[in-house]
file my_file.cif (mmCIF, C-alpha atoms (C1' of nucleotides))
data_coords
loop_
_atom_site.label_atom_id
_atom_site.label_comp_id
_atom_site.auth_asym_id
_atom_site.auth_seq_id
_atom_site.Cartn_x
_atom_site.Cartn_y
_atom_site.Cartn_z
CA MET A 1 19.65 -22.44 3.25
CA ASN A 2 20.52 -22.42 6.96
CA TYR A 3 18.52 -21.05 9.88
CA GLU A 4 19.86 -17.49 9.76
CA GLU A 5 19.46 -17.18 6.00
CA ALA A 6 15.95 -18.58 6.14
CA LYS A 7 14.96 -16.29 9.00
CA MET A 8 16.30 -13.21 7.23
CA LYS A 9 14.61 -14.19 4.01
CA PHE A 10 11.30 -14.57 5.80
CA VAL A 11 11.66 -11.31 7.71
CA SER A 12 12.55 -9.25 4.67
CA THR A 13 9.91 -10.81 2.43
CA TRP A 14 7.25 -10.31 5.04
CA GLY A 15 8.52 -6.76 5.46
CA SER A 16 8.16 -5.90 1.80
CA LEU A 17 4.70 -7.42 1.87
CA GLY A 18 3.76 -4.83 4.49
CA SER A 19 2.20 -2.67 1.80
CA LEU A 20 -0.27 -5.46 1.10
CA TRP A 21 -1.79 -5.11 4.51
CA GLY A 22 -1.20 -1.39 4.83
CA ILE A 23 1.74 -1.03 7.20
CA ASN A 24 5.33 0.04 6.72
CA LYS A 25 8.40 -2.11 6.23
CA ALA A 26 9.91 -1.80 9.70
CA MET A 27 6.59 -2.52 11.33
CA ALA A 28 6.07 -5.66 9.27
CA GLN A 29 9.63 -6.81 9.89
CA ILE A 30 9.34 -6.40 13.64
CA GLN A 31 6.14 -8.42 13.57
CA ALA A 32 7.81 -11.09 11.43
CA LEU A 33 10.75 -11.31 13.81
CA LEU A 34 8.50 -11.77 16.83
CA PHE A 35 6.37 -14.22 14.90
CA VAL A 36 9.20 -16.74 14.51
CA SER A 37 10.92 -16.05 17.82
CA THR A 38 10.77 -18.71 20.51
CA LYS A 39 10.72 -16.11 23.28
CA PRO A 40 9.70 -12.48 23.88
CA LEU A 41 12.20 -9.93 22.56
CA SER A 42 13.39 -6.65 24.05
CA MET A 43 13.83 -3.40 22.14
CA GLU A 44 17.59 -4.04 22.20
CA ASP A 45 17.09 -7.45 20.60
CA ILE A 46 14.93 -6.07 17.82
CA MET A 47 17.20 -3.09 17.08
CA GLU A 48 20.18 -5.37 16.86
CA ASP A 49 18.59 -8.01 14.71
CA LEU A 50 16.98 -5.64 12.21
CA LYS A 51 19.67 -2.95 12.45
CA ILE A 52 17.21 -0.14 13.01
CA SER A 53 17.32 2.75 15.47
CA ARG A 54 15.84 2.89 18.92
CA GLY A 55 13.34 5.55 17.91
CA ASN A 56 12.14 3.61 14.92
CA THR A 57 11.75 0.46 16.99
CA SER A 58 9.82 2.27 19.69
CA MET A 59 7.43 3.97 17.27
CA ASN A 60 6.69 0.85 15.28
CA LEU A 61 6.20 -1.31 18.36
CA ARG A 62 3.69 1.23 19.57
CA GLN A 63 1.84 1.03 16.27
CA LEU A 64 1.82 -2.75 16.37
CA MET A 65 0.34 -2.53 19.85
CA ASP A 66 -2.29 -0.08 18.58
CA TRP A 67 -3.22 -2.65 15.95
CA GLY A 68 -3.52 -5.21 18.73
CA ILE A 69 -0.99 -7.53 17.11
CA VAL A 70 1.84 -7.12 19.60
CA THR A 71 1.69 -7.11 23.39
CA LYS A 72 4.09 -6.05 26.09
CA GLU A 73 5.35 -8.86 28.24
CA ILE A 74 6.64 -8.06 31.71
CA ILE A 75 9.34 -10.45 32.79
CA PRO A 76 9.66 -10.51 36.62
CA GLY A 77 12.96 -9.19 37.85
CA GLU A 78 13.76 -7.63 34.46
CA ARG A 79 13.87 -3.90 33.96
CA LYS A 80 13.46 -4.04 30.18
CA GLU A 81 10.14 -4.44 28.42
CA TYR A 82 9.66 -7.52 26.28
CA PHE A 83 7.35 -8.00 23.33
CA THR A 84 5.45 -10.85 21.75
CA THR A 85 3.12 -11.11 18.79
CA GLU A 86 -0.03 -13.10 18.27
CA LYS A 87 1.23 -16.52 17.21
CA ASP A 88 -1.95 -17.94 15.75
CA VAL A 89 -2.23 -17.11 12.06
CA GLN A 90 -6.01 -17.17 12.00
CA GLU A 91 -6.32 -14.82 14.92
CA LEU A 92 -3.73 -12.60 13.23
CA ALA A 93 -5.80 -12.57 10.03
CA ARG A 94 -8.88 -11.70 12.05
CA ILE A 95 -7.21 -8.71 13.71
CA ILE A 96 -5.71 -7.40 10.48
CA ALA A 97 -8.95 -7.69 8.52
CA LYS A 98 -10.90 -5.94 11.25
CA GLU A 99 -8.42 -3.07 11.57
CA ARG A 100 -8.12 -2.49 7.84
CA SER A 101 -11.88 -2.43 7.56
CA ARG A 102 -12.18 0.11 10.34
CA ARG A 103 -9.31 2.32 9.21
CA GLU A 104 -9.70 2.28 5.45
CA ILE A 105 -12.78 0.59 4.11
CA GLN A 106 -15.44 2.12 6.35
CA PRO A 107 -14.41 5.72 5.54
CA VAL A 108 -14.55 4.97 1.82
CA ILE A 109 -17.97 3.38 2.16
CA ARG A 110 -19.18 6.57 3.81
CA VAL A 111 -17.89 8.75 0.96
CA LEU A 112 -19.39 6.43 -1.66
CA LYS A 113 -22.71 6.66 0.12
CA ASP A 114 -22.57 10.47 0.20
CA VAL A 115 -21.58 10.78 -3.42
CA SER A 116 -24.18 8.32 -4.65
CA SER A 117 -26.84 10.24 -2.71
CA ILE A 118 -26.56 13.54 -4.57
CA LYS A 119 -29.70 14.90 -6.13
CA ASP A 120 -30.47 13.47 -9.57
CA ASP A 121 -30.73 16.55 -11.80
CA GLY A 122 -31.73 14.45 -14.79
CA THR A 123 -28.51 14.87 -16.77
CA ALA A 124 -26.76 11.81 -18.15
CA LYS A 125 -23.51 12.52 -16.34
CA THR A 126 -25.20 12.85 -12.96
CA LYS A 127 -27.11 9.66 -13.55
CA GLU A 128 -23.87 7.87 -14.45
CA LEU A 129 -22.06 9.18 -11.35
CA ILE A 130 -24.90 8.02 -9.12
CA LYS A 131 -25.18 4.64 -10.81
CA GLN A 132 -21.48 3.84 -10.74
CA THR A 133 -20.74 5.04 -7.22
CA LYS A 134 -23.80 3.18 -5.98
CA ALA A 135 -22.53 -0.02 -7.59
CA LEU A 136 -19.15 0.52 -6.00
CA HIS A 137 -20.76 1.25 -2.66
CA ASP A 138 -22.76 -1.94 -2.75
CA LEU A 139 -19.79 -4.04 -3.82
CA THR A 140 -17.49 -2.55 -1.19
CA GLU A 141 -20.03 -2.89 1.57
CA THR A 142 -20.87 -6.48 0.69
CA ALA A 143 -17.24 -7.52 0.33
CA ASP A 144 -16.37 -5.87 3.63
CA ASP A 145 -19.28 -7.56 5.32
CA MET A 146 -18.32 -10.91 3.87
CA ILE A 147 -14.74 -10.62 5.04
CA ASN A 148 -15.89 -9.69 8.50
CA ARG A 149 -18.19 -12.67 8.67
CA LEU A 150 -15.43 -14.96 7.48
CA VAL A 151 -12.81 -13.80 9.90
CA ASN A 152 -15.14 -13.66 12.84
CA GLN A 153 -15.81 -17.35 12.66
CA LYS A 154 -12.75 -17.81 14.80
CA GLN A 155 -12.31 -21.54 14.32
CA ASN A 156 -10.86 -22.62 10.96
CA TRP A 157 -12.73 -20.06 8.98
CA ILE A 158 -10.86 -20.48 5.77
CA THR A 159 -11.24 -24.22 5.60
CA LYS A 160 -14.90 -24.07 6.49
CA SER A 161 -15.69 -21.37 3.95
CA LEU A 162 -13.80 -23.13 1.27
CA LEU A 163 -15.72 -26.33 1.87
CA LYS A 164 -18.99 -24.47 1.57
CA LEU A 165 -17.91 -22.98 -1.72
CA ILE A 166 -16.76 -26.25 -3.24
CA LYS A 167 -19.80 -28.34 -2.40
CA MET B 1 -23.23 18.74 -2.99
CA ASN B 2 -23.48 19.33 -6.73
CA TYR B 3 -22.24 17.18 -9.60
CA GLU B 4 -18.73 18.62 -9.81
CA GLU B 5 -18.17 18.48 -6.06
CA ALA B 6 -19.44 14.93 -5.88
CA LYS B 7 -17.30 13.83 -8.81
CA MET B 8 -14.17 15.38 -7.35
CA LYS B 9 -14.88 13.86 -3.97
CA PHE B 10 -15.28 10.45 -5.51
CA VAL B 11 -12.14 10.77 -7.65
CA SER B 12 -9.93 11.94 -4.82
CA THR B 13 -11.24 9.39 -2.32
CA TRP B 14 -10.81 6.57 -4.78
CA GLY B 15 -7.34 7.91 -5.52
CA SER B 16 -6.24 7.85 -1.92
CA LEU B 17 -7.65 4.34 -1.67
CA GLY B 18 -5.21 3.31 -4.38
CA SER B 19 -2.83 2.00 -1.74
CA LEU B 20 -5.50 -0.49 -0.69
CA TRP B 21 -5.30 -2.23 -4.03
CA GLY B 22 -1.63 -1.56 -4.64
CA ILE B 23 -1.52 1.20 -7.22
CA ASN B 24 -0.55 4.85 -7.04
CA LYS B 25 -2.77 7.89 -6.60
CA ALA B 26 -2.73 9.18 -10.17
CA MET B 27 -3.45 5.73 -11.53
CA ALA B 28 -6.41 5.26 -9.22
CA GLN B 29 -7.72 8.74 -9.99
CA ILE B 30 -7.56 8.21 -13.74
CA GLN B 31 -9.47 4.97 -13.33
CA ALA B 32 -12.04 6.69 -11.12
CA LEU B 33 -12.51 9.45 -13.66
CA LEU B 34 -13.09 7.00 -16.50
CA PHE B 35 -15.34 4.93 -14.27
CA VAL B 36 -17.91 7.71 -13.91
CA SER B 37 -17.51 9.21 -17.35
CA THR B 38 -20.34 8.80 -19.83
CA LYS B 39 -17.93 8.65 -22.75
CA PRO B 40 -14.31 7.71 -23.56
CA LEU B 41 -11.77 10.37 -22.57
CA SER B 42 -8.63 11.55 -24.34
CA MET B 43 -5.29 12.19 -22.69
CA GLU B 44 -6.05 15.91 -22.96
CA ASP B 45 -9.33 15.43 -21.10
CA ILE B 46 -7.69 13.50 -18.28
CA MET B 47 -4.75 15.91 -17.89
CA GLU B 48 -7.11 18.82 -17.72
CA ASP B 49 -9.55 17.29 -15.30
CA LEU B 50 -6.96 15.93 -12.86
CA LYS B 51 -4.39 18.69 -13.46
CA ILE B 52 -1.54 16.29 -14.05
CA SER B 53 1.17 16.33 -16.71
CA ARG B 54 1.12 14.62 -20.06
CA GLY B 55 3.95 12.26 -19.08
CA ASN B 56 2.25 11.22 -15.89
CA THR B 57 -1.01 10.60 -17.70
CA SER B 58 0.68 8.56 -20.39
CA MET B 59 2.61 6.38 -17.94
CA ASN B 60 -0.34 5.70 -15.70
CA LEU B 61 -2.68 4.92 -18.58
CA ARG B 62 -0.15 2.41 -19.81
CA GLN B 63 -0.06 0.77 -16.37
CA LEU B 64 -3.85 0.63 -16.22
CA MET B 65 -3.80 -1.06 -19.60
CA ASP B 66 -1.19 -3.53 -18.34
CA TRP B 67 -3.54 -4.37 -15.49
CA GLY B 68 -6.27 -4.93 -18.05
CA ILE B 69 -8.56 -2.36 -16.45
CA VAL B 70 -8.42 0.31 -19.13
CA THR B 71 -8.66 -0.09 -22.88
CA LYS B 72 -7.86 2.16 -25.82
CA GLU B 73 -10.84 3.19 -27.86
CA ILE B 74 -10.32 4.26 -31.44
CA ILE B 75 -12.88 6.80 -32.53
CA PRO B 76 -13.22 6.85 -36.34
CA GLY B 77 -12.09 10.11 -37.89
CA GLU B 78 -10.33 11.18 -34.68
CA ARG B 79 -6.58 11.41 -34.46
CA LYS B 80 -6.46 11.26 -30.66
CA GLU B 81 -6.63 8.06 -28.65
CA TYR B 82 -9.52 7.64 -26.27
CA PHE B 83 -9.72 5.53 -23.13
CA THR B 84 -12.41 3.65 -21.26
CA THR B 85 -12.38 1.51 -18.14
CA GLU B 86 -14.24 -1.65 -17.28
CA LYS B 87 -17.61 -0.42 -16.07
CA ASP B 88 -18.84 -3.55 -14.34
CA VAL B 89 -17.75 -3.56 -10.70
CA GLN B 90 -17.69 -7.31 -10.41
CA GLU B 91 -15.51 -7.76 -13.45
CA LEU B 92 -13.29 -5.00 -12.07
CA ALA B 93 -12.97 -6.83 -8.76
CA ARG B 94 -12.13 -10.02 -10.62
CA ILE B 95 -9.32 -8.39 -12.58
CA ILE B 96 -7.86 -6.64 -9.55
CA ALA B 97 -7.89 -9.75 -7.38
CA LYS B 98 -6.26 -11.82 -10.09
CA GLU B 99 -3.52 -9.30 -10.76
CA ARG B 100 -2.70 -8.75 -7.11
CA SER B 101 -2.50 -12.47 -6.59
CA ARG B 102 -0.13 -12.88 -9.49
CA ARG B 103 2.03 -9.87 -8.71
CA GLU B 104 2.26 -10.00 -4.94
CA ILE B 105 0.75 -13.04 -3.29
CA GLN B 106 2.24 -15.79 -5.45
CA PRO B 107 5.85 -14.61 -4.96
CA VAL B 108 5.34 -14.52 -1.20
CA ILE B 109 3.85 -17.99 -1.19
CA ARG B 110 6.96 -19.23 -2.97
CA VAL B 111 9.27 -17.68 -0.36
CA LEU B 112 7.20 -19.08 2.49
CA LYS B 113 7.42 -22.50 0.93
CA ASP B 114 11.20 -22.26 0.59
CA VAL B 115 11.71 -21.00 4.12
CA SER B 116 9.42 -23.60 5.67
CA SER B 117 11.30 -26.33 3.78
CA ILE B 118 14.70 -25.81 5.39
CA LYS B 119 16.26 -28.81 7.06
CA ASP B 120 15.10 -29.37 10.64
CA ASP B 121 18.31 -29.39 12.66
CA GLY B 122 16.45 -30.25 15.83
CA THR B 123 16.89 -26.88 17.57
CA ALA B 124 13.86 -25.13 19.05
CA LYS B 125 14.35 -21.99 16.98
CA THR B 126 14.51 -23.89 13.69
CA LYS B 127 11.42 -25.87 14.64
CA GLU B 128 9.60 -22.62 15.43
CA LEU B 129 10.63 -20.99 12.15
CA ILE B 130 9.44 -24.01 10.18
CA LYS B 131 6.18 -24.28 12.10
CA GLN B 132 5.26 -20.62 11.84
CA THR B 133 6.20 -20.08 8.22
CA LYS B 134 4.37 -23.27 7.30
CA ALA B 135 1.23 -21.99 9.05
CA LEU B 136 1.56 -18.69 7.21
CA HIS B 137 2.13 -20.50 3.94
CA ASP B 138 -0.98 -22.60 4.36
CA LEU B 139 -3.10 -19.62 5.37
CA THR B 140 -1.86 -17.45 2.51
CA GLU B 141 -2.29 -20.19 -0.06
CA THR B 142 -5.77 -21.09 1.10
CA ALA B 143 -6.91 -17.48 1.30
CA ASP B 144 -5.52 -16.76 -2.14
CA ASP B 145 -7.20 -19.83 -3.54
CA MET B 146 -10.49 -18.88 -1.93
CA ILE B 147 -10.40 -15.38 -3.34
CA ASN B 148 -9.64 -16.73 -6.78
CA ARG B 149 -12.56 -19.12 -6.61
CA LEU B 150 -14.84 -16.35 -5.44
CA VAL B 151 -13.93 -13.85 -8.10
CA ASN B 152 -13.91 -16.37 -10.90
CA GLN B 153 -17.56 -17.11 -10.44
CA LYS B 154 -18.26 -14.23 -12.77
CA GLN B 155 -21.94 -13.90 -12.07
CA ASN B 156 -22.87 -12.26 -8.77
CA TRP B 157 -20.11 -13.91 -6.85
CA ILE B 158 -20.39 -11.83 -3.74
CA THR B 159 -24.09 -12.30 -3.31
CA LYS B 160 -23.88 -16.01 -3.96
CA SER B 161 -21.01 -16.54 -1.56
CA LEU B 162 -22.68 -14.54 1.12
CA LEU B 163 -25.84 -16.58 0.84
CA LYS B 164 -23.85 -19.77 1.24
CA LEU B 165 -22.20 -18.44 4.34
CA ILE B 166 -25.38 -17.26 6.00
CA LYS B 167 -27.43 -20.39 5.49
"C1'" DA C 1 8.79 13.07 -48.38
"C1'" DT C 2 7.12 16.46 -45.19
"C1'" DA C 3 4.88 18.26 -41.46
"C1'" DA C 4 1.30 18.34 -38.17
"C1'" DA C 5 -0.84 15.83 -34.46
"C1'" DC C 6 -0.24 13.13 -31.26
"C1'" DT C 7 2.27 9.71 -27.65
"C1'" DT C 8 6.21 7.94 -25.16
"C1'" DT C 9 10.40 8.14 -22.67
"C1'" DC C 10 13.34 9.49 -19.08
"C1'" DA C 11 16.55 12.54 -16.47
"C1'" DA C 12 15.67 16.10 -13.31
"C1'" DT C 13 12.93 17.60 -9.55
"C1'" DA C 14 9.38 17.62 -6.17
"C1'" DA C 15 6.59 15.45 -2.77
"C1'" DT C 16 6.01 12.03 0.42
"C1'" DT C 17 7.28 8.76 3.76
"C1'" DA C 18 10.57 6.46 6.79
"C1'" DT C 19 14.45 6.74 9.83
"C1'" DT C 20 17.71 8.57 12.92
"C1'" DG C 21 19.58 10.19 17.19
"C1'" DA C 22 19.73 12.98 20.92
"C1'" DA C 23 17.07 15.39 24.39
"C1'" DA C 24 13.25 14.89 27.37
"C1'" DG C 25 10.46 11.84 29.92
"C1'" DT C 26 9.48 7.87 33.00
"C1'" DT C 27 10.17 4.22 36.22
"C1'" DT C 28 12.57 1.68 39.67
"C1'" DA C 29 15.90 0.74 43.30
"C1'" DA C 30 18.37 2.13 47.01
"C1'" DT D 1 15.88 12.29 46.41
"C1'" DT D 2 19.08 10.75 43.35
"C1'" DA D 3 20.73 8.34 39.67
"C1'" DA D 4 20.71 4.54 36.69
"C1'" DA D 5 18.04 2.02 33.32
"C1'" DC D 6 15.12 2.29 30.28
"C1'" DT D 7 11.39 4.42 26.75
"C1'" DT D 8 9.32 8.12 24.09
"C1'" DT D 9 9.21 12.13 21.31
"C1'" DC D 10 10.21 14.87 17.46
"C1'" DA D 11 12.99 17.98 14.47
"C1'" DA D 12 16.37 17.01 11.16
"C1'" DT D 13 17.72 14.07 7.47
"C1'" DA D 14 17.67 10.28 4.35
"C1'" DA D 15 15.38 7.21 1.30
"C1'" DT D 16 11.80 6.30 -1.60
"C1'" DT D 17 8.28 7.25 -4.80
"C1'" DA D 18 5.67 10.24 -7.89
"C1'" DT D 19 5.61 13.95 -11.16
"C1'" DT D 20 7.12 17.06 -14.57
"C1'" DG D 21 8.38 18.70 -19.07
"C1'" DA D 22 10.85 18.70 -23.01
"C1'" DA D 23 13.14 15.91 -26.46
"C1'" DA D 24 12.56 11.87 -29.11
"C1'" DG D 25 9.46 8.82 -31.29
"C1'" DT D 26 5.32 7.50 -34.00
"C1'" DT D 27 1.43 7.86 -36.96
"C1'" DT D 28 -1.43 9.92 -40.41
"C1'" DA D 29 -2.75 13.04 -44.11
"C1'" DT D 30 -1.43 15.33 -48.05
#
call {"tool": "encode", "arguments": {"input": "my_file.cif", "output": "structure tokens"}}
result
Amino acid sequence: MNYEEAKMKFVSTWGSLGSLWGINKAMAQIQALLFVSTKPLSMEDIMEDLKISRGNTSMNLRQLMDWGIVTKEIIPGERKEYFTTEKDVQELARIIAKERSRREIQPVIRVLKDVSSIKDDGTAKTKELIKQTKALHDLTETADDMINRLVNQKQNWITKSLLKLIK
Amino acid sequence: MNYEEAKMKFVSTWGSLGSLWGINKAMAQIQALLFVSTKPLSMEDIMEDLKISRGNTSMNLRQLMDWGIVTKEIIPGERKEYFTTEKDVQELARIIAKERSRREIQPVIRVLKDVSSIKDDGTAKTKELIKQTKALHDLTETADDMINRLVNQKQNWITKSLLKLIK
DNA sequence: ATAAACTTTCAATAATTATTGAAAGTTTAA
DNA sequence: TTAAACTTTCAATAATTATTGAAAGTTTAT
């Protein structure tokens, strides 16, 4: 496997993994491309390499910037805008975890709280609904909290946490 | 909010959250419905409650069974098949984490390993590709391993882990 | 062996989501 | 102020994914 093959394989695999962290294919591929690039890339560069349209590139770059994963780089003397992504994997994990929590997990926690707070009318089915949604609420909230703690220990969080679990 | 409203709210929220754990809406809604039901439900029951077709119900129940989340319940004297879901949230989390790891994370880890193992031809771009995919490989592998350790401590894993992290 | 009761399969269709491309918008240089 | 260089927007379209429903398949009771 040569450089180009390996790069394409990485970009497309990372792209199809997008669903795992809740973003679309093009968005994940753009991020992957920037992630292994030695220098900032222009919109032209990205369009050409991934064979996607200008509009698509523009929209997905904007989304990546909203996530805080990609930043605009101004190169003096150049008219074009250039883009780079966060290169540190741990910082990347931190940003992604935080955003997913905010966008998807928090709203669900709120619904679970509402549903599990309905008035207990004494029937078995109401009791079951309350019990089960409460259990789900507690699990979701605790897991979310744990992940946030983990990722907010900026330095080497995974290694540290793992050590604590093993000992 | 009365029982029916609360139940529907829970089922539809959990359904739209399906994407978070990598399954489709109907599948997540069926699981949600079983999760708060006081008794096993038949295909009829599910179709009626969620207003989805027989085919859809059948296919999604099969998938839930493949995941190991839902099981068939034979009720003596009854011709119909009945279904129940795992009711314990921690066991549920364990199953989901394990399946997602197997289905999605492991294949990606393999690709990252392959890509990061290409021959270093000395160029800056090859060095960058190797370095970055190796970092991603290590992060992904360690995170996956950590999650597996966490969820395999069947009893109260979240609480225990959290305590270890706080102290 | 037959038929009723039930489940599965899968081609057709619908719904959703992503992508394009061209027009409108913006910025910069002269 | 003009025009070139570039980016954004968004309606139209394409691609993907989910859903239906009816025919085929299976099981059970008689």
call {"tool": "residues_around", "arguments": {"input": "my_file.cif", "residues": "B:Arg54", "least_positions_apart": "6", "cutoff": "9 Å", "atoms": "all atoms listed in the file", "output": "list in words"}}
result
Met43, Glu44 and Met47 of chain B; DT20 and DG21 of chain D
call {"tool": "write_last_selection", "arguments": {"input": "my_file.cif", "atoms": "C-alpha atoms (C1' of nucleotides)", "output": "mmCIF file, in the coordinates of the input"}}
result
data_model
loop_
_atom_site.group_PDB
_atom_site.id
_atom_site.type_symbol
_atom_site.label_atom_id
_atom_site.label_comp_id
_atom_site.auth_asym_id
_atom_site.auth_seq_id
_atom_site.Cartn_x
_atom_site.Cartn_y
_atom_site.Cartn_z
ATOM 1 C CA MET B 43 -5.290 12.190 -22.690
ATOM 2 C CA GLU B 44 -6.050 15.910 -22.960
ATOM 3 C CA MET B 47 -4.750 15.910 -17.890
ATOM 4 C "C1'" DT D 20 7.120 17.060 -14.570
ATOM 5 C "C1'" DG D 21 8.380 18.700 -19.070
#
call {"tool": "resolve_selection", "arguments": {"input": "my_file.cif", "expression": "the PyMOL selection byres ((chain C and resi 9) around 9)", "output": "PyMOL selection string"}}
result
(chain B and resi 55) or (chain C and resi 8+10) or (chain D and resi 24-25)
call {"tool": "interface_residues", "arguments": {"input": "my_file.cif", "of": "chain C", "to": "chain A", "cutoff": "8 Å", "atoms": "only C-alpha atoms (C1' of nucleotides)", "output": "list in words"}}
result
DT19, DT20 and DG21 of chain C
call {"tool": "write_last_selection", "arguments": {"input": "my_file.cif", "atoms": "C-alpha atoms (C1' of nucleotides)", "output": "PDB file, in the coordinates of the input"}}
result
ATOM      1  C1'  DT C  19      14.450   6.740   9.830  1.00  0.00           C
ATOM      2  C1'  DT C  20      17.710   8.570  12.920  1.00  0.00           C
ATOM      3  C1'  DG C  21      19.580  10.190  17.190  1.00  0.00           C
TER       4       DG C  21
END
call {"tool": "atom_distance", "arguments": {"input": "my_file.cif", "atom1": "atom CA of A:Ser16", "atom2": "atom CA of B:Ser58"}}
result
27.5 Å
call {"tool": "resolve_selection", "arguments": {"input": "my_file.cif", "expression": "the PyMOL selection byres ((chain D and resi 28) around 9)", "output": "PyMOL selection string"}}
result
(chain B and resi 79) or (chain C and resi 5) or (chain D and resi 27+29)
call {"tool": "closest_atom_pairs", "arguments": {"input": "my_file.cif", "of": "chain B", "to": "chain A", "cutoff": "7 Å", "atoms": "all atoms listed in the file", "output": "CSV"}}
result
residue,atom,partner,partner_atom,distance
B:Met1,CA,A:Ile118,CA,6.4
B:Asn2,CA,A:Ile118,CA,6.9
B:Tyr3,CA,A:Thr126,CA,6.2
B:Ala6,CA,A:Val115,CA,5.3
B:Phe10,CA,A:Val115,CA,6.6
B:Thr13,CA,A:Val108,CA,6.9
B:Val36,CA,A:Leu129,CA,5.1
B:Ser37,CA,A:Lys125,CA,6.9
B:Thr38,CA,A:Lys125,CA,6.0
B:Val89,CA,A:Leu136,CA,6.4
B:Val108,CA,A:Thr13,CA,6.9
B:Leu112,CA,A:Phe10,CA,6.9
B:Val115,CA,A:Ala6,CA,5.3
B:Ile118,CA,A:Met1,CA,6.4
B:Lys125,CA,A:Thr38,CA,6.0
B:Thr126,CA,A:Tyr3,CA,6.2
B:Glu128,CA,A:Val36,CA,6.0
B:Leu129,CA,A:Val36,CA,5.1
B:Gln132,CA,A:Val36,CA,6.1
B:Ala135,CA,A:Val89,CA,6.7
B:Leu136,CA,A:Val89,CA,6.4
B:Thr142,CA,A:Ile158,CA,6.9
B:Ala143,CA,A:Ile158,CA,6.7
B:Met146,CA,A:Leu162,CA,6.3
B:Ile158,CA,A:Ala143,CA,6.7
B:Leu162,CA,A:Met146,CA,6.3
B:Lys164,CA,A:Lys164,CA,6.8
call {"tool": "write_last_selection", "arguments": {"input": "my_file.cif", "atoms": "C-alpha atoms", "output": "CSV table (one decimal), in the coordinates of the input"}}
result
chain,number,residue,atom,x,y,z
B,1,MET,CA,-23.2,18.7,-3.0
B,2,ASN,CA,-23.5,19.3,-6.7
B,3,TYR,CA,-22.2,17.2,-9.6
B,6,ALA,CA,-19.4,14.9,-5.9
B,10,PHE,CA,-15.3,10.4,-5.5
B,13,THR,CA,-11.2,9.4,-2.3
B,36,VAL,CA,-17.9,7.7,-13.9
B,37,SER,CA,-17.5,9.2,-17.4
B,38,THR,CA,-20.3,8.8,-19.8
B,89,VAL,CA,-17.8,-3.6,-10.7
B,108,VAL,CA,5.3,-14.5,-1.2
B,112,LEU,CA,7.2,-19.1,2.5
B,115,VAL,CA,11.7,-21.0,4.1
B,118,ILE,CA,14.7,-25.8,5.4
B,125,LYS,CA,14.4,-22.0,17.0
B,126,THR,CA,14.5,-23.9,13.7
B,128,GLU,CA,9.6,-22.6,15.4
B,129,LEU,CA,10.6,-21.0,12.2
B,132,GLN,CA,5.3,-20.6,11.8
B,135,ALA,CA,1.2,-22.0,9.0
B,136,LEU,CA,1.6,-18.7,7.2
B,142,THR,CA,-5.8,-21.1,1.1
B,143,ALA,CA,-6.9,-17.5,1.3
B,146,MET,CA,-10.5,-18.9,-1.9
B,158,ILE,CA,-20.4,-11.8,-3.7
B,162,LEU,CA,-22.7,-14.5,1.1
B,164,LYS,CA,-23.8,-19.8,1.2
call {"tool": "residues_around", "arguments": {"input": "my_file.cif", "residues": "C:DA14", "least_positions_apart": "4", "cutoff": "12 Å", "atoms": "all atoms listed in the file", "output": "VMD selection string"}}
result
chain D and resid 17 to 20
call {"tool": "atom_distance", "arguments": {"input": "my_file.cif", "atom1": "atom CA of A:Thr84", "atom2": "atom C1' of D:DC6"}}
result
18.4 Å
call {"tool": "interface_residues", "arguments": {"input": "my_file.cif", "of": "chain D", "to": "chain A", "cutoff": "8 Å", "atoms": "all atoms listed in the file", "output": "list in words"}}
result
DA5, DC6, DT7 and DT8 of chain D
call {"tool": "atom_distance", "arguments": {"input": "my_file.cif", "atom1": "atom CA of B:Asp49", "atom2": "atom C1' of C:DT17"}}
result
26.8 Å
call {"tool": "axis_aligned_box", "arguments": {"input": "my_file.cif", "around": "stretch 6-9 of chain D", "padding_each_side": "8 Å", "output": "lines of an AutoDock Vina configuration file"}}
result
center_x = 12.2
center_y = 7.2
center_z = 25.8
size_x = 21.9
size_y = 25.8
size_z = 25.0
call {"tool": "resolve_selection", "arguments": {"input": "my_file.cif", "expression": "the PyMOL selection byres ((chain D and resi 14) around 10)", "output": "number ranges by chain"}}
result
C: 18-20; D: 12-13, 15-16
